[in-house]
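Structure below is work_2.pdb: PDB, C-alpha atoms.
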ATOM      1  CA  PRO A   1      55.560 -79.741-156.138
ATOM      2  CA  ASP A   2      58.390 -81.559-157.862
ATOM      3  CA  THR A   3      59.178 -78.616-160.156
ATOM      4  CA  VAL A   4      58.762 -74.845-159.924
ATOM      5  CA  PHE A   5      59.046 -72.461-162.867
ATOM      6  CA  MET A   6      60.114 -68.912-161.979
ATOM      7  CA  GLU A   7      59.875 -65.771-164.102
ATOM      8  CA  PHE A   8      59.820 -62.417-162.348
ATOM      9  CA  SER A   9      61.862 -60.240-164.702
ATOM     10  CA  MET A  10      58.902 -58.709-166.522
ATOM     11  CA  ASN A  11      57.379 -57.472-163.264
ATOM     12  CA  ASP A  12      60.679 -56.640-161.567
ATOM     13  CA  ALA A  13      61.564 -54.401-164.529
ATOM     14  CA  TYR A  14      58.289 -52.484-164.170
ATOM     15  CA  VAL A  15      59.489 -49.007-163.129
ATOM     16  CA  PRO A  16      56.535 -48.162-160.824
ATOM     17  CA  TYR A  17      57.502 -51.121-158.608
ATOM     18  CA  ALA A  18      60.962 -49.567-158.070
ATOM     19  CA  ILE A  19      62.760 -52.920-157.819
ATOM     20  CA  THR A  20      66.447 -52.502-158.606
ATOM     21  CA  GLU A  21      68.477 -55.182-160.366
ATOM     22  CA  THR A  22      70.266 -55.822-157.060
ATOM     23  CA  GLN A  23      66.933 -56.275-155.277
ATOM     24  CA  SER A  24      65.718 -58.524-158.079
ATOM     25  CA  THR A  25      68.801 -60.713-157.692
ATOM     26  CA  ALA A  26      68.304 -60.875-153.913
ATOM     27  CA  ASN A  27      64.600 -61.681-154.328
ATOM     28  CA  HIS A  28      65.308 -64.479-156.804
ATOM     29  CA  ASN A  29      67.935 -65.974-154.502
ATOM     30  CA  PHE A  30      65.703 -65.667-151.440
ATOM     31  CA  ILE A  31      62.827 -67.482-153.167
ATOM     32  CA  ILE A  32      65.099 -70.199-154.533
ATOM     33  CA  ASN A  33      66.872 -70.767-151.228
ATOM     34  CA  ASP A  34      63.600 -70.764-149.295
ATOM     35  CA  LEU A  35      62.076 -73.313-151.667
ATOM     36  CA  LEU A  36      65.164 -75.528-151.432
ATOM     37  CA  THR A  37      65.148 -75.322-147.642
ATOM     38  CA  ASP A  38      61.681 -76.848-147.651
ATOM     39  CA  ASN A  39      62.489 -79.347-150.396
ATOM     40  CA  PRO A  40      66.176 -79.867-151.276
ATOM     41  CA  ASP A  41      65.189 -82.147-154.189
ATOM     42  CA  LEU A  42      62.965 -79.529-155.798
ATOM     43  CA  GLU A  43      63.690 -78.771-159.441
ATOM     44  CA  ILE A  44      63.620 -75.005-160.033
ATOM     45  CA  ILE A  45      63.597 -73.710-163.598
ATOM     46  CA  ILE A  46      64.239 -70.053-164.349
ATOM     47  CA  GLN A  47      62.703 -68.493-167.456
ATOM     48  CA  THR A  48      62.891 -65.304-169.433
ATOM     49  CA  MET A  49      59.928 -64.350-171.559
ATOM     50  CA  ASN A  50      58.999 -62.111-174.457
ATOM     51  CA  ASN A  51      60.163 -58.631-175.330
ATOM     52  CA  PRO A  52      57.665 -55.989-174.213
ATOM     53  CA  GLU A  53      56.926 -53.398-176.883
ATOM     54  CA  GLY A  54      54.882 -50.241-177.334
ATOM     55  CA  SER A  55      53.083 -49.221-174.181
ATOM     56  CA  GLY A  56      54.413 -52.373-172.513
ATOM     57  CA  LEU A  57      58.029 -51.378-173.039
ATOM     58  CA  GLY A  58      57.706 -47.799-171.782
ATOM     59  CA  PRO A  59      57.492 -48.744-168.100
ATOM     60  CA  ARG A  60      60.116 -51.501-168.617
ATOM     61  CA  PRO A  61      63.003 -49.692-170.342
ATOM     62  CA  ASP A  62      65.627 -51.973-168.753
ATOM     63  CA  ILE A  63      63.964 -55.341-169.395
ATOM     64  CA  VAL A  64      67.158 -56.708-170.981
ATOM     65  CA  ALA A  65      69.081 -56.042-167.767
ATOM     66  CA  TYR A  66      66.411 -57.818-165.699
ATOM     67  CA  TYR A  67      66.489 -60.799-168.044
ATOM     68  CA  GLN A  68      70.242 -60.860-167.431
ATOM     69  CA  VAL A  69      69.533 -61.014-163.689
ATOM     70  CA  ALA A  70      67.525 -64.193-164.299
ATOM     71  CA  ARG A  71      70.328 -65.652-166.425
ATOM     72  CA  ASP A  72      72.951 -64.787-163.817
ATOM     73  CA  VAL A  73      70.932 -66.225-160.934
ATOM     74  CA  ALA A  74      70.260 -69.446-162.838
ATOM     75  CA  SER A  75      73.960 -69.792-163.607
ATOM     76  CA  ALA A  76      75.091 -69.002-160.053
ATOM     77  CA  GLN A  77      72.553 -71.412-158.534
ATOM     78  CA  GLY A  78      73.212 -74.153-161.109
ATOM     79  CA  LEU A  79      69.599 -74.127-162.269
ATOM     80  CA  LEU A  80      68.118 -74.807-165.668
ATOM     81  CA  LEU A  81      67.427 -71.602-167.587
ATOM     82  CA  ILE A  82      64.875 -71.573-170.381
ATOM     83  CA  ASP A  83      65.552 -68.346-172.220
ATOM     84  CA  HIS A  84      62.565 -67.529-174.430
ATOM     85  CA  HIS A  85      63.619 -63.934-175.036
ATOM     86  CA  ALA A  86      65.686 -64.602-178.183
ATOM     87  CA  ASN A  87      62.835 -66.496-179.848
ATOM     88  CA  TRP A  88      60.403 -63.669-179.186
ATOM     89  CA  LEU A  89      62.923 -61.094-180.459
ATOM     90  CA  ASN A  90      63.461 -63.158-183.598
ATOM     91  CA  LEU A  91      59.721 -63.303-184.256
ATOM     92  CA  TYR A  92      59.429 -59.563-183.601
ATOM     93  CA  SER A  93      62.174 -58.738-186.099
ATOM     94  CA  THR A  94      61.138 -61.228-188.802
ATOM     95  CA  ASP A  95      57.323 -61.288-188.587
ATOM     96  CA  LEU A  96      55.980 -58.281-186.726
ATOM     97  CA  ALA A  97      52.391 -58.958-187.796
ATOM     98  CA  THR A  98      52.433 -62.375-186.138
ATOM     99  CA  TRP A  99      54.221 -61.019-183.064
ATOM    100  CA  ASN A 100      51.463 -58.401-182.746
ATOM    101  CA  THR A 101      48.768 -61.087-182.846
ATOM    102  CA  TYR A 102      50.665 -63.156-180.271
ATOM    103  CA  VAL A 103      51.345 -60.227-177.901
ATOM    104  CA  PRO A 104      48.523 -57.775-178.649
ATOM    105  CA  ASP A 105      48.970 -55.636-175.527
ATOM    106  CA  GLY A 106      52.754 -55.489-175.908
ATOM    107  CA  VAL A 107      53.344 -57.514-172.725
ATOM    108  CA  HIS A 108      51.210 -60.639-172.340
ATOM    109  CA  PRO A 109      51.365 -63.413-174.935
ATOM    110  CA  THR A 110      48.123 -65.043-176.005
ATOM    111  CA  ASN A 111      47.552 -68.782-175.675
ATOM    112  CA  THR A 112      48.432 -69.109-179.365
ATOM    113  CA  GLY A 113      51.664 -67.206-178.770
ATOM    114  CA  TYR A 114      52.542 -69.501-175.906
ATOM    115  CA  ALA A 115      51.732 -72.571-177.999
ATOM    116  CA  ASN A 116      53.741 -71.478-181.031
ATOM    117  CA  VAL A 117      56.729 -69.673-179.493
ATOM    118  CA  LEU A 118      57.138 -70.664-175.864
ATOM    119  CA  MET A 119      56.089 -74.318-175.807
ATOM    120  CA  PRO A 120      58.493 -75.627-178.474
ATOM    121  CA  GLU A 121      61.455 -74.088-176.620
ATOM    122  CA  LEU A 122      60.147 -75.302-173.265
ATOM    123  CA  GLN A 123      59.658 -78.839-174.562
ATOM    124  CA  GLN A 124      63.096 -78.939-176.203
ATOM    125  CA  ALA A 125      64.829 -77.620-173.087
ATOM    126  CA  LEU A 126      63.082 -80.090-170.803
ATOM    127  CA  GLU A 127      63.826 -83.009-173.109
ATOM    128  CA  SER A 128      67.484 -81.987-173.336
ATOM    129  CA  ALA A 129      67.755 -81.688-169.552
ATOM    130  CA  ALA A 130      66.082 -85.030-168.832
ATOM    131  CA  PRO A 131      68.381 -87.703-167.404
TER     132      PRO A 131
END
Any chance you could put this one into structure tokens?
Amino acid sequence: PDTVFMEFSMNDAYVPYAITETQSTANHNFIINDLLTDNPDLEIIIQTMNNPEGSGLGPRPDIVAYYQVARDVASAQGLLLIDHHANWLNLYSTDLATWNTYVPDGVHPTNTGYANVLMPELQQALESAAP
């Protein structure tokens, strides 16, 4: 591929997987470096996603720290970061009813949630980063 989008924070933060922040950082860097070894021209974009809530937050109490891992790795590797977390938090704090329809299980956004929250930020970030 010409471009790879990466987002592992939600799963890395899942307590039963027992992945520390240090391991998450190492895993991100390993994947990035391995991909770039095969294709040095590959565009890699790091993303954060939505805030887990309710039963989705319980097993991810440190999600904010894992999102920071993604931010730090993107910065250290000089990669584009598309940070959706703030937009999801804003929706959660200003329109909980809509957030609940967009993320009904507390973890996974619906297609409508993706279309209305994630895609505008993704499109703006990609347009801003275009040469």
Skip A:Pro109 itself and residues of its chain fewer than 6 positions away, then list as a ChimeraX atom specification all residues within 9 Å of it, counting all atoms listed in the file.
/A:50,99,101-103
Written as a list in words, what is the full residue list that the PyMOL selection byres ((chain A and resi 118) around 9) yields on the file shown?
Met49, Asn50, His84, Asn87, Trp88, Gly113, Tyr114, Ala115, Asn116, Val117, Met119, Pro120, Glu121, Leu122 and Gln123 of chain A
Atomic distance atom CA of A:Ile82 - atom CA of A:Ser9, expressed in Å with one decimal:
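So the two atoms, atom CA of A:Ile82 and atom CA of A:Ser9, lie 13.0 Å apart.
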I need every residue sitting at most 10 Å from the point (62.5, -65.8, -164.0) (coordinates as in the file, only C-alpha atoms considered), written as JSON, numbers by chain.
{"A": [5, 6, 7, 8, 9, 10, 11, 12, 24, 28, 45, 46, 47, 48, 49, 66, 67, 68, 69, 70, 71, 73, 74, 81, 82, 83]}
What do you get, as a VMD selection string, if you spell out every residue that the PyMOL selection byres ((chain A and resi 15) around 12) selects here?
chain A and resid 9 to 14 16 to 21 56 to 63 66
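Of the residues listed (A:Ser75, A:Thr98, A:Thr25, A:Thr3), A:Thr3 shows the shortest atom-to-atom separation from A:Ile44; distances use only C-alpha atoms.
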What is the distance between atom CA of A:Asn33 and atom CA of A:Gln77, in Å to one decimal?
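Answer for the atom CA of A:Asn33 to atom CA of A:Gln77 separation: 9.3 Å.
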Mind checking which residues fall within 9 Å of A:Gly54, counting all atoms listed in the file, ignoring those fewer than 6 positions away in the same chain, and posting them as a list in words?
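The filter keeps Asp105, Gly106 and Val107 of chain A.
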Please compute the atom CA of A:Tyr92-atom CA of A:Glu127 distance, one decimal, in Å.
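Interatomic distance, atom CA of A:Tyr92 to atom CA of A:Glu127: 26.1 Å.
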Rank nothing, just name the residue among A:Val4, A:Asp72, A:Asp38, A:Leu80 nearest to A:Ser128, using only C-alpha atoms.
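The closest residue to A:Ser128 is A:Leu80.
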Could you name the residues that touch A:Asp2 at 8 Å or less, counting only C-alpha atoms, but leaving out those on the same chain fewer than 2 positions away, as a CSV table (one decimal) with C-alpha atoms, in the frame of the given file?
chain,number,residue,atom,x,y,z
A,4,VAL,CA,58.8,-74.8,-159.9
A,41,ASP,CA,65.2,-82.1,-154.2
A,42,LEU,CA,63.0,-79.5,-155.8
A,43,GLU,CA,63.7,-78.8,-159.4
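When all atoms listed in the file are used to compute distances to A:Leu36, the closest of the residues A:Leu96, A:Leu79, A:Leu126, A:Leu91 turns out to be A:Leu79.
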